[in-house]
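The structure appears below as structure tokens.
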Amino acid sequence: MIINDAIESGKKILSKNLIKSSQLDCEILLAEVLKKKRKYLILNSNEQIKDINLKKFKNLINQRSSGKPIAYLIKKKNFWNSEFVIDEGVLIPRPDTETLIEATLEIFKNKDYANVLDVGVGSGCIILSILKEKPGFYGKGIDINSKSINLSKLNAKKLGVGNRVKFIKTNVDNFSLGKYDLIISNPPYIKTNELKYLEKDVNCFEPKEALDGGLDGILKTQNIIKKASNLLRRNGKLILEIAYNQRNKITRLLQNKGFVINRVIKDYAKNDRCIISTKTN
Ligand SMILES: C[S@@+](CC[C@H](N)C(=O)[O-])C[C@H]1O[C@@H](n2cnc3c(N)ncnc32)[C@H](O)[C@@H]1O
């Protein structure tokens with residue numbers, strides 16, 4: 001079968017299974033199998049595909065049909081300026097989370113040195129993107145999920161910042177090591193009873209412990225704020241990702257713990273996404 005026909009037949013299968021981005025997904029998966037860029041597929045659409053590669057492609061199309069996210073199939077995802085290794089059991093980095101990186105780089109633009117803690121490190125995408133941009137920064141990433149810790153270590157090595165970061169498997173509630181200039185986190189913040197409304201790709205394939213923020217969605221964020229008030233140095237920053245409707249609740253929690261709100265930043269879809277605060281006492 002030639003490239004063009006394989007894409008057309010893959011597209012039909014994905015569309016039948018209600019996968020919206022069927023053309024793009026087929027191109028990404030076939031490019032991955034052939035170890036080429038997507039552009040190559042377009043320029044060589046009449047090239048014959050070897051049977052072994054066609055088999056691999058069909059297998060990926062079947063998995064994608066069941067809703068498995070592309071990032072878990074190709075085991076990588078671009079975030080900020082880097083490509084991260086991704087695997088099942090660990091949350092796939094989201095473009096909206098780049099809002100936190102942008103905010104951090106702006107706030108610390110005149111600082112050459114800071115100790116950073118990333119709570120709920122996942123793939124390592126937040127802390128590693130910051131460390132890559134700021135060669136004088138160092139820090140720690142914590143997560144309850146051992147797969148996250150292993151993947152973060154791998155990504156740190158891949159991005160060449162492994163000597164400036166440590167990863168520790170722990171619950172944030174039990175963590176009390178060090179003092180930090182910046183604590184940053186994208187915590188689980190979906191209400192437990194709303195998890196079932198998430199898209200199938202997310203609900204059936206991404207880890208619940210990365211999404212579930214308890215009955216009111218703010219349980220984990222609340223715990224992080226409590227911890228951060230002890231772990232931050234005076235005038236240290238706490239940068240949190242929040243859900244579009246959590247601005248008021250989280251603002252009150254922060255103020256009750258002695259934080260001053262600096263800014264709330266919107267994401268690419270113009271929803272409140274990131275809240276920046278300073279520990280003042
Ligand atoms: C929304 S994900 C964020 C992952 C990554 N930072 C990102 O932005 O892609 C939340 C992460 O917090 C971790 N987590 C959940 N509860 C935790 C807890 N009590 N202590 C530490 N980490 C926790 C999850 O395992 C998950 O990796």
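Chains: A, B, ... in order of the structure tokens. Residues: from 1 per chain. Ligands: from 1, in order shown.
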(request) Please give me, as a ChimeraX atom specification, the residues lying within 7 Å of ligand 1 when counting only C-alpha atoms and all ligand atoms. (result) /A:90-94,97,119-126,142-145,148,170-173,185-188,209-211,220
Go through region 50-106 of chain A and flag each residue having an atom no more than 8 Å from region 18-25 of chain A; for those, report the closest pair of atoms plus their distance in Å to one decimal, using only C-alpha atoms, ordered by chain and rising number, as JSON lines.
```
{"residue": "A:Ser65", "atom": "CA", "partner": "A:Ile19", "partner_atom": "CA", "distance": 6.9}
{"residue": "A:Gly67", "atom": "CA", "partner": "A:Ile19", "partner_atom": "CA", "distance": 7.4}
{"residue": "A:Ile70", "atom": "CA", "partner": "A:Asp25", "partner_atom": "CA", "distance": 7.2}
```
For N, CA and C atoms, I'd like the residues from the last selection saved as an mmCIF file, in the first residue's frame.
```
data_model
loop_
_atom_site.group_PDB
_atom_site.id
_atom_site.type_symbol
_atom_site.label_atom_id
_atom_site.label_comp_id
_atom_site.auth_asym_id
_atom_site.auth_seq_id
_atom_site.Cartn_x
_atom_site.Cartn_y
_atom_site.Cartn_z
ATOM 1 N N SER A 65 -8.186 4.405 17.746
ATOM 2 C CA SER A 65 -9.641 4.271 17.608
ATOM 3 C C SER A 65 -10.317 4.080 18.954
ATOM 4 N N GLY A 67 -9.444 5.499 21.543
ATOM 5 C CA GLY A 67 -9.368 6.763 22.287
ATOM 6 C C GLY A 67 -8.007 7.017 22.914
ATOM 7 N N ILE A 70 -2.659 10.326 21.372
ATOM 8 C CA ILE A 70 -1.492 10.265 20.481
ATOM 9 C C ILE A 70 -0.176 10.252 21.273
#
```
(request) Would you mind writing down, as JSON, numbers by chain, each residue of region 128-225 of chain A that DSSP on the backbone assigns to alpha helix (DSSP H)? (result) {"A": [128, 129, 130, 131, 132, 133, 146, 147, 148, 149, 150, 151, 152, 153, 154, 155, 156, 157, 158, 200, 201, 202, 203, 204, 205, 219, 220, 221, 222, 223, 224, 225]}
(message) With DSSP run on the backbone, what are the strand (DSSP E) residues within region 35-269 of chain A? I'd like them as a ChimeraX atom specification.
(response) /A:76-79,82-85,115-119,138-143,165-169,180-185,232-241,259-266
Store the residues picked out above, limited to N, CA and C atoms, as a CSV table (one decimal), in the first residue's frame.
```
chain,number,residue,atom,x,y,z
A,76,LYS,N,5.8,10.7,23.2
A,76,LYS,CA,6.5,12.0,23.3
A,76,LYS,C,5.5,13.2,23.1
A,77,LYS,N,5.9,14.4,23.7
A,77,LYS,CA,5.0,15.5,23.6
A,77,LYS,C,5.9,16.8,23.7
A,78,ASN,N,5.6,17.7,22.8
A,78,ASN,CA,6.3,19.0,22.9
A,78,ASN,C,5.7,19.9,23.9
A,79,PHE,N,6.5,20.5,24.7
A,79,PHE,CA,6.0,21.4,25.8
A,79,PHE,C,7.1,22.6,25.9
A,82,SER,N,10.8,22.2,24.5
A,82,SER,CA,11.5,20.9,24.5
A,82,SER,C,10.5,19.8,24.2
A,83,GLU,N,11.1,18.7,23.8
A,83,GLU,CA,10.3,17.5,23.6
A,83,GLU,C,10.5,16.6,24.8
A,84,PHE,N,9.3,16.2,25.4
A,84,PHE,CA,9.4,15.3,26.6
A,84,PHE,C,9.0,13.9,26.3
A,85,VAL,N,9.7,13.0,27.0
A,85,VAL,CA,9.3,11.6,26.8
A,85,VAL,C,8.0,11.4,27.7
A,115,ASN,N,15.9,28.6,44.2
A,115,ASN,CA,15.6,27.2,44.5
A,115,ASN,C,14.1,27.0,44.3
A,116,VAL,N,13.8,26.1,43.4
A,116,VAL,CA,12.4,25.9,42.9
A,116,VAL,C,11.9,24.5,43.4
A,117,LEU,N,10.6,24.5,43.8
A,117,LEU,CA,10.0,23.2,44.1
A,117,LEU,C,8.8,23.1,43.2
A,118,ASP,N,8.7,21.9,42.5
A,118,ASP,CA,7.5,21.6,41.7
A,118,ASP,C,6.7,20.5,42.3
A,119,VAL,N,5.5,20.8,42.8
A,119,VAL,CA,4.7,19.9,43.5
A,119,VAL,C,3.7,19.2,42.5
A,138,TYR,N,18.0,25.9,40.4
A,138,TYR,CA,18.0,24.4,40.7
A,138,TYR,C,16.8,24.1,41.5
A,139,GLY,N,16.6,22.8,41.8
A,139,GLY,CA,15.3,22.5,42.5
A,139,GLY,C,15.0,21.1,42.7
A,140,LYS,N,13.8,20.9,43.2
A,140,LYS,CA,13.2,19.5,43.5
A,140,LYS,C,11.9,19.4,42.8
A,141,GLY,N,11.6,18.2,42.5
A,141,GLY,CA,10.2,17.8,42.0
A,141,GLY,C,9.7,16.7,42.8
A,142,ILE,N,8.4,16.8,43.3
A,142,ILE,CA,7.9,15.7,44.1
A,142,ILE,C,6.6,15.2,43.4
A,143,ASP,N,6.3,13.9,43.7
A,143,ASP,CA,5.1,13.3,43.1
A,143,ASP,C,4.8,12.1,43.9
A,165,VAL,N,18.7,19.1,39.6
A,165,VAL,CA,17.3,18.8,40.1
A,165,VAL,C,17.3,17.4,40.7
A,166,LYS,N,16.5,17.3,41.8
A,166,LYS,CA,16.3,16.0,42.4
A,166,LYS,C,14.8,15.7,42.4
A,167,PHE,N,14.4,14.4,42.3
A,167,PHE,CA,13.0,14.1,42.3
A,167,PHE,C,12.8,13.1,43.4
A,168,ILE,N,11.7,13.4,44.2
A,168,ILE,CA,11.4,12.6,45.3
A,168,ILE,C,10.0,12.1,45.3
A,169,LYS,N,9.8,10.7,45.5
A,169,LYS,CA,8.5,10.2,45.5
A,169,LYS,C,7.9,10.4,46.9
A,180,TYR,N,12.4,27.4,49.8
A,180,TYR,CA,12.3,27.7,48.3
A,180,TYR,C,12.0,29.2,48.0
A,181,ASP,N,12.5,29.6,46.9
A,181,ASP,CA,12.2,31.0,46.4
A,181,ASP,C,10.9,30.9,45.5
A,182,LEU,N,10.7,29.7,44.9
A,182,LEU,CA,9.5,29.5,44.1
A,182,LEU,C,8.9,28.1,44.3
A,183,ILE,N,7.6,28.1,44.6
A,183,ILE,CA,6.9,26.8,44.6
A,183,ILE,C,5.9,26.9,43.4
A,184,ILE,N,5.9,25.9,42.6
A,184,ILE,CA,5.1,26.0,41.4
A,184,ILE,C,4.3,24.6,41.3
A,185,SER,N,3.1,24.7,40.9
A,185,SER,CA,2.3,23.4,40.8
A,185,SER,C,1.1,23.5,39.9
A,232,LEU,N,8.2,28.1,51.8
A,232,LEU,CA,8.7,29.2,51.0
A,232,LEU,C,9.5,30.2,51.9
A,233,ARG,N,10.5,30.8,51.3
A,233,ARG,CA,11.2,31.9,52.0
A,233,ARG,C,10.3,33.1,52.0
A,234,ARG,N,10.6,34.1,52.9
A,234,ARG,CA,9.9,35.3,52.9
A,234,ARG,C,10.0,36.0,51.5
A,235,ASN,N,8.9,36.5,51.0
A,235,ASN,CA,8.8,37.0,49.7
A,235,ASN,C,9.0,36.0,48.5
A,236,GLY,N,8.9,34.7,48.9
A,236,GLY,CA,8.9,33.7,47.9
A,236,GLY,C,7.6,33.7,47.1
A,237,LYS,N,7.6,33.1,45.9
A,237,LYS,CA,6.4,33.1,45.1
A,237,LYS,C,5.8,31.7,45.0
A,238,LEU,N,4.5,31.8,45.0
A,238,LEU,CA,3.7,30.5,44.8
A,238,LEU,C,2.9,30.7,43.5
A,239,ILE,N,3.2,29.9,42.5
A,239,ILE,CA,2.5,30.0,41.2
A,239,ILE,C,1.7,28.7,41.0
A,240,LEU,N,0.4,28.9,40.9
A,240,LEU,CA,-0.5,27.7,40.8
A,240,LEU,C,-1.3,27.7,39.5
A,241,GLU,N,-1.5,26.5,38.9
A,241,GLU,CA,-2.5,26.4,37.9
A,241,GLU,C,-3.8,26.2,38.5
A,259,PHE,N,-0.8,35.1,52.0
A,259,PHE,CA,-0.2,35.4,50.7
A,259,PHE,C,-0.9,36.6,50.2
A,260,VAL,N,-0.1,37.4,49.4
A,260,VAL,CA,-0.6,38.5,48.7
A,260,VAL,C,-0.8,38.1,47.2
A,261,ILE,N,-1.9,38.4,46.6
A,261,ILE,CA,-2.1,38.0,45.2
A,261,ILE,C,-1.5,39.0,44.3
A,262,ASN,N,-0.6,38.6,43.4
A,262,ASN,CA,0.1,39.5,42.5
A,262,ASN,C,-0.7,39.6,41.2
A,263,ARG,N,-1.1,38.5,40.6
A,263,ARG,CA,-1.8,38.5,39.3
A,263,ARG,C,-2.5,37.2,39.1
A,264,VAL,N,-3.6,37.3,38.2
A,264,VAL,CA,-4.2,36.1,37.7
A,264,VAL,C,-4.0,36.1,36.2
A,265,ILE,N,-3.5,35.1,35.6
A,265,ILE,CA,-3.2,35.1,34.2
A,265,ILE,C,-4.2,34.2,33.4
A,266,LYS,N,-4.6,34.6,32.3
A,266,LYS,CA,-5.5,33.8,31.5
A,266,LYS,C,-4.7,32.9,30.5
```
(message) With distances taken over only C-alpha atoms, which residue among A:Ile74, A:Gln48, A:Glu8, A:Asn245 lies nearest Glu32 (chain A)?
(response) A:Ile74
Give me the region 116-167 of chain A side of the contact with region 98-101 of chain A, cut-off 12 Å, one line per residue showing its nearest atom pair and distance in Å at one decimal, counting only C-alpha atoms, sorted by chain and residue number, as CSV.
```
residue,atom,partner,partner_atom,distance
A:Asp118,CA,A:Leu100,CA,11.4
A:Cys125,CA,A:Glu98,CA,9.2
A:Ile126,CA,A:Ile101,CA,6.8
A:Ile127,CA,A:Ile101,CA,8.6
A:Leu128,CA,A:Ile101,CA,10.0
A:Ser129,CA,A:Ile101,CA,7.3
A:Ile130,CA,A:Ile101,CA,6.5
A:Leu131,CA,A:Ile101,CA,10.3
A:Lys132,CA,A:Ile101,CA,11.1
A:Glu133,CA,A:Ile101,CA,9.5
A:Lys134,CA,A:Ile101,CA,11.2
```
(message) List the spatial neighbours of Ser9 (chain A) as a PyMOL selection string - criterion: any atom at most 12 Å away, only C-alpha atoms, same-chain residues fewer than 3 positions off excluded.
(response) chain A and resi 1-6+12-16+22-23+26-27+30+54+57-58+61-62
